[in-house]
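Have a look at input_36.cif; it's mmCIF, C-alpha atoms:
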```cif
data_run
#
loop_
_atom_site.label_atom_id
_atom_site.label_comp_id
_atom_site.auth_asym_id
_atom_site.auth_seq_id
_atom_site.Cartn_x
_atom_site.Cartn_y
_atom_site.Cartn_z
CA MET P 1 44.87 27.77 89.88
CA GLU P 2 47.08 24.77 89.23
CA PHE P 3 50.21 23.99 91.20
CA ARG P 4 53.37 24.30 89.12
CA ASP P 5 56.32 22.06 89.82
CA TYR P 6 59.26 24.36 89.15
CA TYR P 7 61.73 21.55 89.80
CA GLN P 8 60.09 19.48 87.09
CA ILE P 9 60.09 22.42 84.68
CA LEU P 10 63.85 22.86 85.14
CA ASP P 11 64.35 19.10 85.26
CA VAL P 12 66.26 19.12 88.56
CA ALA P 13 65.86 17.24 91.83
CA LYS P 14 64.29 18.99 94.80
CA THR P 15 67.68 18.68 96.50
CA ALA P 16 69.48 20.43 93.63
CA THR P 17 72.18 22.90 94.60
CA ALA P 18 72.13 26.51 93.44
CA ASP P 19 74.81 25.63 90.90
CA GLU P 20 72.79 22.71 89.54
CA ILE P 21 69.74 24.94 89.19
CA LYS P 22 71.76 27.52 87.32
CA LYS P 23 73.14 24.86 84.94
CA ALA P 24 69.69 23.36 84.38
CA TYR P 25 68.24 26.81 83.68
CA ARG P 26 70.92 27.56 81.09
CA LYS P 27 70.32 24.22 79.43
CA GLN P 28 66.57 24.91 79.17
CA ALA P 29 67.15 28.52 78.12
CA ARG P 30 69.39 27.26 75.31
CA LYS P 31 66.67 24.82 74.25
CA TYR P 32 63.72 27.20 74.34
CA HIS P 33 65.26 30.61 73.65
CA PRO P 34 62.77 32.13 71.18
CA ASP P 35 65.54 33.56 69.01
CA VAL P 36 66.95 30.16 68.15
CA SER P 37 64.55 27.42 69.22
CA LYS P 38 62.62 25.46 66.63
CA GLU P 39 60.20 24.10 69.25
CA PRO P 40 56.66 25.21 68.32
CA ASP P 41 55.85 26.41 71.84
CA ALA P 42 59.31 27.84 72.56
CA GLU P 43 58.10 31.21 73.75
CA ALA P 44 55.60 29.75 76.24
CA ARG P 45 58.14 27.21 77.48
CA MET P 46 60.78 29.92 77.89
CA LYS P 47 58.37 31.88 80.07
CA GLU P 48 57.83 28.81 82.25
CA VAL P 49 61.57 28.26 82.50
CA ASN P 50 62.17 31.91 83.39
CA GLU P 51 59.44 31.72 86.00
CA ALA P 52 60.85 28.53 87.52
CA ASN P 53 64.31 30.06 87.60
CA ALA P 54 63.04 33.27 89.20
CA ALA P 55 61.51 31.17 91.99
CA LEU P 56 64.29 28.64 92.53
CA SER P 57 67.39 30.77 92.02
CA ASP P 58 66.39 33.12 94.84
CA PRO P 59 67.02 31.36 98.19
CA GLU P 60 64.18 33.24 99.92
CA LYS P 61 61.62 32.47 97.21
CA ARG P 62 62.81 28.88 96.95
CA ALA P 63 62.39 28.31 100.68
CA ALA P 64 58.89 29.78 100.59
CA TYR P 65 57.99 27.75 97.51
CA ASP P 66 59.29 24.54 99.08
CA GLN P 67 57.21 25.14 102.17
CA ALA P 68 54.03 26.04 100.30
CA GLY P 69 54.42 23.31 97.71
CA SER P 70 55.43 20.37 99.86
CA ARG P 71 51.92 18.88 99.75
CA TYR P 72 51.14 19.46 96.07
CA ARG P 73 51.62 17.61 92.81
CA PRO P 74 51.92 19.27 89.37
CA GLY P 75 48.53 20.24 87.99
CA GLN P 76 46.81 19.84 91.37
CA GLU P 77 44.48 22.69 92.36
CA PHE P 78 46.55 25.09 94.46
CA GLN P 79 45.37 27.61 97.02
CA PRO P 80 47.95 29.64 98.99
CA PRO P 81 47.53 29.15 102.77
CA PRO P 82 45.69 32.01 104.52
CA ASP P 83 48.82 33.03 106.40
CA TRP P 84 50.88 32.87 103.25
CA GLY P 85 53.86 35.22 103.21
CA THR P 86 54.29 35.44 106.95
CA GLY P 87 57.69 34.37 108.10
CA PHE P 88 59.34 35.20 104.80
CA GLU P 89 60.92 38.37 103.69
CA PHE P 90 61.42 38.93 99.99
CA SER P 91 64.32 41.23 99.35
CA GLY P 92 63.47 41.67 95.65
CA ASP P 93 60.55 43.70 94.47
CA GLY P 94 58.12 40.87 94.80
CA ALA P 95 56.00 40.58 91.73
CA HIS P 96 58.67 42.23 89.67
CA GLY P 97 61.13 39.53 88.80
CA SER P 98 64.37 40.06 86.99
CA TYR P 99 64.11 42.97 84.55
CA GLY P 100 60.43 43.40 85.30
CA GLU P 101 59.44 40.43 83.21
CA SER P 102 57.20 38.90 85.84
CA ALA P 103 54.26 40.68 84.26
CA GLU P 104 54.38 37.66 81.97
CA PHE P 105 54.57 35.14 84.80
CA SER P 106 51.64 32.95 85.77
CA ASP P 107 48.89 33.61 88.29
CA PHE P 108 50.53 30.88 90.36
CA PHE P 109 53.79 32.82 90.59
CA SER P 110 51.96 36.08 91.32
CA SER P 111 49.94 34.47 94.08
CA LEU P 112 53.07 33.12 95.71
CA PHE P 113 55.47 36.02 95.44
CA GLY P 114 53.49 39.02 94.26
CA GLN P 115 51.38 39.52 97.36
CA ALA P 116 54.28 39.35 99.78
CA GLY P 117 56.32 41.78 97.76
CA SER P 118 53.56 44.24 97.10
CA SER P 119 53.19 45.36 100.70
CA ARG P 120 56.13 47.65 100.29
CA GLY P 121 56.45 50.21 97.59
CA ALA P 122 53.08 51.92 97.61
CA GLY P 123 53.31 55.12 99.56
CA GLU P 124 56.97 54.65 100.46
CA HIS P 125 58.47 56.09 97.34
CA ARG P 126 57.44 57.42 93.99
CA ALA P 127 58.33 55.24 91.07
CA ARG P 128 57.43 55.04 87.42
CA GLY P 129 55.59 51.89 86.38
CA GLY P 130 57.38 49.33 84.26
CA ASP P 131 57.17 49.28 80.49
CA HIS P 132 55.38 46.35 78.87
CA HIS P 133 56.15 44.65 75.57
CA ALA P 134 53.83 42.67 73.33
CA LYS P 135 53.73 41.49 69.75
CA VAL P 136 50.87 42.29 67.44
CA MET P 137 50.14 40.50 64.16
CA ILE P 138 48.58 42.55 61.38
CA GLU P 139 47.62 42.00 57.76
CA LEU P 140 50.00 43.47 55.20
CA ALA P 141 47.10 45.55 53.86
CA ASP P 142 46.89 47.25 57.29
CA ALA P 143 50.39 48.64 56.73
CA TYR P 144 49.19 50.11 53.42
CA HIS P 145 46.06 51.76 54.71
CA GLY P 146 46.36 51.87 58.52
CA ALA P 147 43.76 50.07 60.65
CA ALA P 148 42.27 49.88 64.10
CA GLN P 149 43.26 46.56 65.68
CA THR P 150 41.82 45.05 68.84
CA ILE P 151 44.40 43.29 70.99
CA THR P 152 44.06 41.38 74.24
CA LEU P 153 46.90 41.46 76.75
CA ARG P 154 47.48 39.79 80.10
CA ALA P 155 49.23 41.77 82.79
CA ALA P 156 49.80 41.68 86.55
CA ARG P 157 48.23 44.60 88.42
CA LEU P 158 47.67 45.62 92.03
CA ASP P 159 44.08 45.39 93.25
CA PRO P 160 42.74 48.02 95.72
CA ALA P 161 43.90 45.85 98.63
CA GLY P 162 47.42 45.83 97.24
CA HIS P 163 47.35 42.24 96.03
CA VAL P 164 48.77 41.28 92.69
CA VAL P 165 46.17 39.95 90.29
CA THR P 166 46.55 38.95 86.68
CA GLU P 167 43.97 40.49 84.44
CA GLU P 168 43.17 40.58 80.78
CA ARG P 169 42.57 43.86 79.07
CA THR P 170 41.46 44.65 75.60
CA LEU P 171 42.81 47.62 73.74
CA LYS P 172 41.84 49.04 70.41
CA VAL P 173 44.98 50.38 68.80
CA GLN P 174 45.42 52.45 65.68
CA ILE P 175 47.97 50.75 63.44
CA PRO P 176 49.62 53.60 61.56
CA LYS P 177 49.89 53.52 57.79
CA GLY P 178 53.43 52.71 56.69
CA VAL P 179 54.41 50.51 59.63
CA LYS P 180 57.18 48.02 58.84
CA GLU P 181 57.83 44.47 60.02
CA GLY P 182 59.52 44.61 63.44
CA GLN P 183 58.75 48.27 64.03
CA HIS P 184 57.38 49.35 67.42
CA ILE P 185 54.31 51.36 68.29
CA ARG P 186 54.74 53.06 71.64
CA LEU P 187 51.59 53.68 73.65
CA ALA P 188 52.33 56.12 76.44
CA GLY P 189 50.92 55.27 79.86
CA GLN P 190 49.66 51.80 78.88
CA GLY P 191 52.31 49.86 80.84
CA SER P 192 52.28 49.10 84.57
CA PRO P 193 50.80 51.72 86.85
CA GLY P 194 53.30 53.81 88.81
CA PHE P 195 53.84 53.59 92.56
CA GLY P 196 53.22 56.40 95.03
CA GLY P 197 51.86 58.73 92.39
CA GLY P 198 54.54 57.90 89.82
CA THR P 199 53.59 57.87 86.15
CA ALA P 200 52.52 54.68 84.41
CA GLY P 201 54.95 52.87 82.15
CA ASP P 202 54.53 52.59 78.39
CA LEU P 203 53.39 49.72 76.21
CA TYR P 204 55.56 48.79 73.24
CA LEU P 205 53.85 46.82 70.48
CA GLU P 206 56.21 45.05 68.11
CA VAL P 207 54.47 44.75 64.75
CA HIS P 208 54.65 41.61 62.65
CA PHE P 209 52.78 40.68 59.48
CA LYS P 210 50.57 37.61 59.41
CA PRO P 211 52.02 35.03 57.05
CA ASP P 212 50.43 35.38 53.62
CA SER P 213 51.57 33.01 50.89
CA ARG P 214 50.89 35.67 48.27
CA TYR P 215 53.34 38.26 49.61
CA ARG P 216 56.90 38.43 50.85
CA VAL P 217 58.10 41.58 52.56
CA GLU P 218 61.61 42.98 52.77
CA GLY P 219 61.73 46.33 54.54
CA ARG P 220 59.16 48.42 52.67
CA ASP P 221 59.51 46.40 49.47
CA VAL P 222 56.87 43.78 48.78
CA HIS P 223 57.31 40.78 46.48
CA GLU P 224 54.29 39.06 45.00
CA SER P 225 54.16 35.96 42.81
CA VAL P 226 51.84 36.39 39.83
CA PRO P 227 50.74 33.32 37.86
CA VAL P 228 50.50 33.93 34.10
CA THR P 229 49.57 31.73 31.16
CA PRO P 230 52.22 30.71 28.61
CA TRP P 231 50.54 32.85 25.93
CA GLU P 232 50.39 35.91 28.23
CA ALA P 233 54.12 35.48 28.88
CA ALA P 234 55.00 34.77 25.25
CA LEU P 235 52.79 37.32 23.50
CA GLY P 236 52.49 39.96 26.20
CA ALA P 237 49.21 40.95 27.84
CA ALA P 238 47.52 43.44 30.11
CA ILE P 239 46.45 41.52 33.21
CA GLU P 240 44.71 42.42 36.42
CA VAL P 241 46.72 41.72 39.60
CA PRO P 242 45.42 41.94 43.16
CA THR P 243 47.90 43.79 45.42
CA PRO P 244 47.74 44.81 49.09
CA ALA P 245 46.65 48.25 47.89
CA GLY P 246 43.91 46.89 45.63
CA SER P 247 43.81 45.59 42.07
CA VAL P 248 46.06 47.11 39.40
CA ARG P 249 46.35 46.50 35.66
CA VAL P 250 49.82 45.51 34.60
CA ASN P 251 51.41 45.00 31.19
CA VAL P 252 53.25 41.71 30.95
CA PRO P 253 56.00 42.27 28.35
CA ALA P 254 56.09 39.83 25.43
CA GLY P 255 58.76 37.17 25.76
CA SER P 256 58.65 37.02 29.56
CA GLN P 257 60.04 33.98 31.34
CA SER P 258 59.20 32.57 34.76
CA GLY P 259 60.92 34.54 37.50
CA ARG P 260 60.87 37.83 35.60
CA LYS P 261 60.31 40.71 38.02
CA LEU P 262 58.12 43.66 37.17
CA ARG P 263 58.80 46.59 39.47
CA LEU P 264 55.89 48.84 40.36
CA LYS P 265 57.60 51.89 41.76
CA GLU P 266 56.34 53.19 45.11
CA ARG P 267 53.59 50.55 45.28
CA GLY P 268 55.22 48.88 48.29
CA ILE P 269 54.57 49.85 51.91
CA PRO P 270 53.96 53.62 52.12
CA GLY P 271 56.63 55.74 53.78
CA ASN P 272 59.31 58.24 53.11
CA PRO P 273 60.56 56.88 50.80
CA PRO P 274 57.83 54.35 49.98
CA GLY P 275 58.78 50.80 49.07
CA ASP P 276 58.35 49.18 45.67
CA LEU P 277 56.12 46.28 44.70
CA TYR P 278 57.83 43.51 42.74
CA LEU P 279 55.61 41.21 40.72
CA VAL P 280 57.38 37.93 40.06
CA LEU P 281 55.94 36.17 37.03
CA GLU P 282 55.26 32.45 37.31
CA ILE P 283 54.26 30.72 34.10
CA VAL P 284 51.59 28.12 34.79
CA LEU P 285 50.94 25.44 32.17
CA PRO P 286 47.35 24.44 31.49
CA PRO P 287 46.87 20.73 32.20
CA ALA P 288 46.70 18.37 29.21
CA ASP P 289 43.62 16.71 30.57
CA THR P 290 41.29 16.94 27.54
CA ASN P 291 41.63 15.78 23.95
CA LYS P 292 41.66 19.38 22.74
CA ALA P 293 44.41 20.37 25.18
CA ARG P 294 46.51 17.36 24.25
CA GLN P 295 46.09 18.20 20.54
CA LEU P 296 47.28 21.75 21.13
CA TYR P 297 50.39 20.54 22.97
CA GLU P 298 51.04 17.98 20.20
CA THR P 299 50.73 20.71 17.58
CA MET P 300 53.24 22.87 19.44
CA ALA P 301 55.61 19.93 19.79
CA ARG P 302 55.38 19.28 16.07
CA GLU P 303 55.44 22.83 14.80
CA MET P 304 57.82 24.60 17.17
CA ASP P 305 61.54 24.14 16.94
CA PHE P 306 62.25 24.57 20.63
CA ASN P 307 64.76 22.82 22.86
CA PRO P 308 64.93 24.28 26.37
CA ARG P 309 68.01 22.11 27.11
CA GLN P 310 70.06 23.42 24.22
CA GLY P 311 72.36 25.27 26.60
CA MET P 312 73.10 21.98 28.33
CA GLY P 313 74.59 20.52 25.18
CA VAL P 314 71.82 18.02 24.50
CA MET X 1 38.70 55.62 78.57
CA THR X 2 36.07 53.31 77.20
CA GLN X 3 36.84 50.07 75.48
CA ASP X 4 35.80 51.60 72.18
CA ASP X 5 38.35 54.39 72.34
CA ILE X 6 41.09 53.87 69.82
CA LEU X 7 44.58 54.36 71.19
CA THR X 8 46.97 56.12 68.89
CA GLY X 9 50.61 55.47 69.59
CA VAL X 10 53.85 56.83 68.34
CA LEU X 11 55.68 54.89 65.66
CA LEU X 12 59.25 54.37 66.78
CA ASP X 13 61.72 55.65 64.24
CA GLU X 14 59.47 58.59 63.47
CA VAL X 15 60.09 59.46 67.11
CA ALA X 16 63.21 57.87 68.55
CA LEU X 17 63.82 56.85 72.16
CA SER X 18 66.10 58.79 74.45
CA LEU X 19 68.69 57.03 76.61
CA ASP X 20 66.41 57.04 79.66
CA GLU X 21 63.43 55.81 77.63
CA LEU X 22 65.42 52.94 76.16
CA ALA X 23 66.70 52.03 79.64
CA CYS X 24 63.11 52.00 80.96
CA ALA X 25 61.93 49.90 78.01
CA CYS X 26 64.65 47.34 78.78
CA ALA X 27 64.24 47.58 82.58
CA VAL X 28 67.91 48.40 83.06
CA GLU X 29 69.82 51.38 84.43
CA PRO X 30 70.82 54.02 81.85
CA ASN X 31 74.45 53.28 82.66
CA TRP X 32 73.96 49.72 81.39
CA ILE X 33 73.04 51.20 78.00
CA VAL X 34 75.88 53.74 78.07
CA GLU X 35 78.46 51.04 78.72
CA ARG X 36 77.26 48.94 75.80
CA VAL X 37 77.04 51.89 73.41
CA GLN X 38 80.54 53.03 74.34
CA ALA X 39 81.83 49.48 73.88
CA GLY X 40 80.26 49.39 70.40
CA PHE X 41 77.76 46.65 71.24
CA LEU X 42 74.67 48.77 70.72
CA GLY X 43 73.76 51.55 68.29
CA GLY X 44 76.14 53.19 65.86
CA ILE X 45 76.09 56.45 67.78
CA ALA X 46 78.75 59.01 67.01
CA ILE X 47 77.28 61.84 69.07
CA GLU X 48 79.43 62.46 72.12
CA GLN X 49 76.68 64.17 74.09
CA ILE X 50 74.88 61.31 75.82
CA THR X 51 71.73 63.36 76.39
CA ARG X 52 71.30 63.61 72.60
CA TRP X 53 71.51 59.89 71.92
CA GLN X 54 68.53 58.49 70.08
CA PHE X 55 67.47 54.90 69.58
CA THR X 56 65.15 53.30 67.01
CA SER X 57 63.15 50.07 66.79
CA PRO X 58 66.05 47.81 65.75
CA GLU X 59 68.13 49.17 68.64
CA LEU X 60 65.31 48.49 71.09
CA VAL X 61 65.11 44.91 69.83
CA ARG X 62 68.89 44.52 70.08
CA ALA X 63 69.08 46.05 73.56
CA ARG X 64 66.36 43.71 74.84
CA ARG X 65 68.14 40.78 73.20
CA LEU X 66 71.43 41.74 74.91
CA VAL X 67 69.63 41.98 78.25
CA ALA X 68 68.04 38.54 77.76
CA VAL X 69 71.24 36.79 76.66
CA GLU X 70 73.30 38.32 79.47
CA ARG X 71 70.62 37.37 82.00
CA ASP X 72 69.64 33.93 80.73
CA PHE X 73 73.15 32.65 80.22
CA ASP X 74 75.16 34.83 82.60
CA ALA X 75 76.93 35.92 79.44
CA ASN X 76 79.40 38.76 79.51
CA PRO X 77 78.52 41.75 77.30
CA GLU X 78 81.00 40.78 74.58
CA LEU X 79 79.53 37.31 74.22
CA ALA X 80 75.96 38.65 74.30
CA ALA X 81 76.86 41.10 71.52
CA LEU X 82 78.36 38.28 69.45
CA VAL X 83 75.18 36.21 69.90
CA ALA X 84 73.04 39.22 68.93
CA ASP X 85 75.23 39.80 65.82
CA LEU X 86 74.77 36.19 64.75
CA ILE X 87 71.01 36.23 65.35
CA GLU X 88 70.68 39.44 63.34
CA GLU X 89 72.74 37.94 60.50
CA VAL X 90 70.51 34.85 60.46
CA GLU X 91 67.44 37.11 60.39
CA ARG X 92 68.86 39.09 57.46
CA LEU X 93 69.62 35.92 55.52
CA LYS X 94 66.18 34.47 56.27
CA ALA X 95 64.54 37.69 55.09
CA ARG X 96 66.52 37.53 51.83
CA LEU X 97 65.59 33.91 51.29
CA ASN X 98 61.99 34.74 52.02
CA ALA X 99 62.01 37.64 49.57
CA ALA X 100 63.50 35.31 46.96
CA GLY X 101 60.56 32.96 47.50
CA LEU X 102 62.69 30.34 49.29
CA PRO X 103 61.43 30.50 52.88
CA LEU X 104 63.06 28.23 55.44
CA THR X 105 60.58 25.88 57.03
#
```

Rewrite the structure of this file - the entire thing - as C-alpha cells.
Amino acid sequence: MEFRDYYQILDVAKTATADEIKKAYRKQARKYHPDVSKEPDAEARMKEVNEANAALSDPEKRAAYDQAGSRYRPGQEFQPPPDWGTGFEFSGDGAHGSYGESAEFSDFFSSLFGQAGSSRGAGEHRARGGDHHAKVMIELADAYHGAAQTITLRAARLDPAGHVVTEERTLKVQIPKGVKEGQHIRLAGQGSPGFGGGTAGDLYLEVHFKPDSRYRVEGRDVHESVPVTPWEAALGAAIEVPTPAGSVRVNVPAGSQSGRKLRLKERGIPGNPPGDLYLVLEIVLPPADTNKARQLYETMAREMDFNPRQGMGV
Amino acid sequence: MTQDDILTGVLLDEVALSLDELACACAVEPNWIVERVQAGFLGGIAIEQITRWQFTSPELVRARRLVAVERDFDANPELAALVADLIEEVERLKARLNAAGLPLT
C-alpha cells in the first residue's frame, strides 16, 4: 500500500491552519466536483480530495496522520506501525467518514482510521449498515430486453478480527426491461453489513447507457440517425433499419429531406407508456469518384432545374 | 449465495422510497430531508402526512447532490438548492442538445 500525501493532494503546507485546509478543500472541490468538472478523472480526484479532507479536517485524525506519516514520501510503500491506533481516540465512527462515504476511500485511509474506529460499535449497539451507491453502464438494447449484468464493486468491510479491509466483490444483477437513463435499481441487503445484529444496508445502482453514436436517448424516446441515398429520399423506398429492438422495415416517404423524422410509435424504451423511436433521415451522397458517377452528376446538373439557394435570393 | 446467482432488484419509481429509506440512502437524518422538503428544496410533495411521502430516482439524485454541495462547500441549504437547480437545468439542456444530434463535447 502506497503512502498518500494528503497535504499535497489538497495543495497546502503541513503547517496549514484548519481554515487554510477548509479553503483549499473548497477550491479543489470546485475544481473536481463531478457535476461540473471537465477534468477527465474528476470523479477519482474528487474522492482523493474528500479523503484528504476527511483526514486533515479532523484534528484527531490529522494528529494521528502526521505522526504516522512523518517518515514517508508520497508513493512510498506504507505499513502502519504495529502499535498503530494506540494513544489516539477517534470520536467519529472510524471507517465511516462524513455521510458514510468512506466506503469509497482508499485502503490507505482504511488502514489508518478504519481499524481504530472499528473497535467500538460491534456488540455495543444495533445499527443498520450503510447504503452503498454505484453506477452501472449498460447497452441501450439491455433496456429494451432486460439483461443480466456482471458488476465489480469495491467496498470496505470488517474482517472477523474487526479490522477494516477493502475487498472487491462481483455481483450478477438483473437489469430490468424498461430501465431509463439515471434510474436506480435498489438491491436490498447488498450494502454494508449491519452492526450488532442490525440489518445490512442496500445497494443503489444508478443506470447509465454506454455511449453509442447510433442512438440518442431522451427519457424513453430514442432518436436514431438513418443514412439514406438521394434516390431513396427523392423517390421513396422501403428500407431495413437496425434498431435496439432488432431490424425493422420502414417506408421512407417520397420527397424526404435530410433531418426528416419518422416516428415509430412505442418502439422506444418499453414502459408504461413506452417511448417512441424517431428515425432521423440523413441523405448521403455517393462519391463522384468514377467516370460513371461523375457522368450521372453531370447529367443531373444539366437536366434538372434545381437551385437549393433560391430562398437566399441568389 | 453463489457468484452465479442473479440478483434481482427493485426499480425505483415502480417502488418509491419512503422518508426513512431516502434518509438512509443519503446517510442523513430523516429530519434533514423533512426540512428541505418543507422549504421546497426537494420533491414536489403536497401530502401533509410525512409518513406517506414517497421519493423517486430523480429525488434521490437531487437529495444526494444537496448533501454533497452542503458538505463540500459548507453551503447553506438555499445555496445548495440553487446549485442543484442550475445543474439540473444544464442536464436538461444537454439532453435536448444530445437528442437533437448536437452533443456537447

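The space separating CA of Ala238 in chain P from CA of Asp276 in chain P comes to 19.8 Å.
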
Care to translate the PyMOL selection byres ((chain P) within 7 of (chain X)) into actual residues of this file, as JSON, numbers by chain?
{"P": [26, 29, 99, 100, 131, 171, 172, 173, 174, 183, 184, 185, 186, 187, 216, 217, 218, 223]}

Save the residues we just selected, C-alpha atoms, as a PDB file, in the coordinates of the input?
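Writing done, so here's result38.pdb:
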```pdb
ATOM      1  CA  ARG P  26      70.920  27.560  81.090  1.00  0.00           C
ATOM      2  CA  ALA P  29      67.150  28.520  78.120  1.00  0.00           C
ATOM      3  CA  TYR P  99      64.110  42.970  84.550  1.00  0.00           C
ATOM      4  CA  GLY P 100      60.430  43.400  85.300  1.00  0.00           C
ATOM      5  CA  ASP P 131      57.170  49.280  80.490  1.00  0.00           C
ATOM      6  CA  LEU P 171      42.810  47.620  73.740  1.00  0.00           C
ATOM      7  CA  LYS P 172      41.840  49.040  70.410  1.00  0.00           C
ATOM      8  CA  VAL P 173      44.980  50.380  68.800  1.00  0.00           C
ATOM      9  CA  GLN P 174      45.420  52.450  65.680  1.00  0.00           C
ATOM     10  CA  GLN P 183      58.750  48.270  64.030  1.00  0.00           C
ATOM     11  CA  HIS P 184      57.380  49.350  67.420  1.00  0.00           C
ATOM     12  CA  ILE P 185      54.310  51.360  68.290  1.00  0.00           C
ATOM     13  CA  ARG P 186      54.740  53.060  71.640  1.00  0.00           C
ATOM     14  CA  LEU P 187      51.590  53.680  73.650  1.00  0.00           C
ATOM     15  CA  ARG P 216      56.900  38.430  50.850  1.00  0.00           C
ATOM     16  CA  VAL P 217      58.100  41.580  52.560  1.00  0.00           C
ATOM     17  CA  GLU P 218      61.610  42.980  52.770  1.00  0.00           C
ATOM     18  CA  HIS P 223      57.310  40.780  46.480  1.00  0.00           C
TER      19      HIS P 223
END
```

Using Å and a single decimal, report how far CA of Pro176 in chain P sits from CA of Val226 in chain P.
27.8 Å

Report as a PyMOL selection string the residues that result from applying the PyMOL selection byres ((chain P and resi 133-144) around 6) to the structure here.
chain P and resi 132+145-147+177-179+203-210+244+269

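Comparing P:Pro308, P:Gly236, P:Gly313, P:Pro227 by their smallest distance to Arg214 in chain P, the closest is P:Pro227 (using all atoms listed in the file).
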
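These residues, each with an atom at most 12 Å from (72.0, 22.8, 96.2) using only C-alpha atoms, are Val12, Ala13, Lys14, Thr15, Ala16, Thr17, Ala18, Asp19, Glu20, Ile21, Lys22, Lys23, Leu56, Ser57, Asp58, Pro59, Arg62 and Ala63 of chain P.
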
Given 5 Å of margin on each side, can you work out the centre and size in Å (one decimal) of an axis-aligned box holding every listed atom of range 260-272 of chain P, as AutoDock Vina command-line options?
```
--center_x 57.2 --center_y 48.0 --center_z 44.7 --size_x 17.3 --size_y 30.4 --size_z 28.2
```

Who sits within 8 Å of Gln54 in chain X, all atoms listed in the file, same chain under 6 positions skipped, as a compact mmCIF listing (two decimals) with C-alpha atoms, keeping the file's coordinate frame:
```
# COMPACT_ATOMS: atom_id res chain seq x y z
CA ALA X 16 63.21 57.87 68.55
CA LEU X 17 63.82 56.85 72.16
CA SER X 18 66.10 58.79 74.45
CA LEU X 19 68.69 57.03 76.61
```

Just the number, please: distance in Å from CA of Asp20 in chain X to CA of Gln38 in chain X, one decimal.
15.6 Å

Got a sec to resolve the PyMOL selection byres ((chain P and resi 253) around 8) on this structure and send the residues as a ChimeraX atom specification?
/P:233,235-237,251-252,254-256

Using all atoms listed in the file, what residues lie at most 12 Å away from (53.6, 24.6, 89.1) (file coordinates), given as a VMD selection string?
chain P and resid 1 to 10 48 to 49 51 to 52 55 to 56 65 to 66 68 to 70 72 to 79 105 to 112

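Residues in contact with Arg249 in chain P at up to 9 Å, not including ones fewer than 2 positions away on its chain and judged by all atoms listed in the file, are Ala238, Ile239, Glu240, Val241, Pro242, Ser247 and Asn251 of chain P.
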
Would you mind listing what lies within 10 Å of Gly44 in chain X as a VMD selection string, with only C-alpha atoms counted and same-chain residues fewer than 6 positions away left out?
chain X and resid 37 to 38 55 59

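Between Gly40 in chain X and the residues X:Arg52, X:Ala75, X:Leu22, X:Ala81, the shortest atom-to-atom distance, using all atoms listed in the file, involves X:Ala81.
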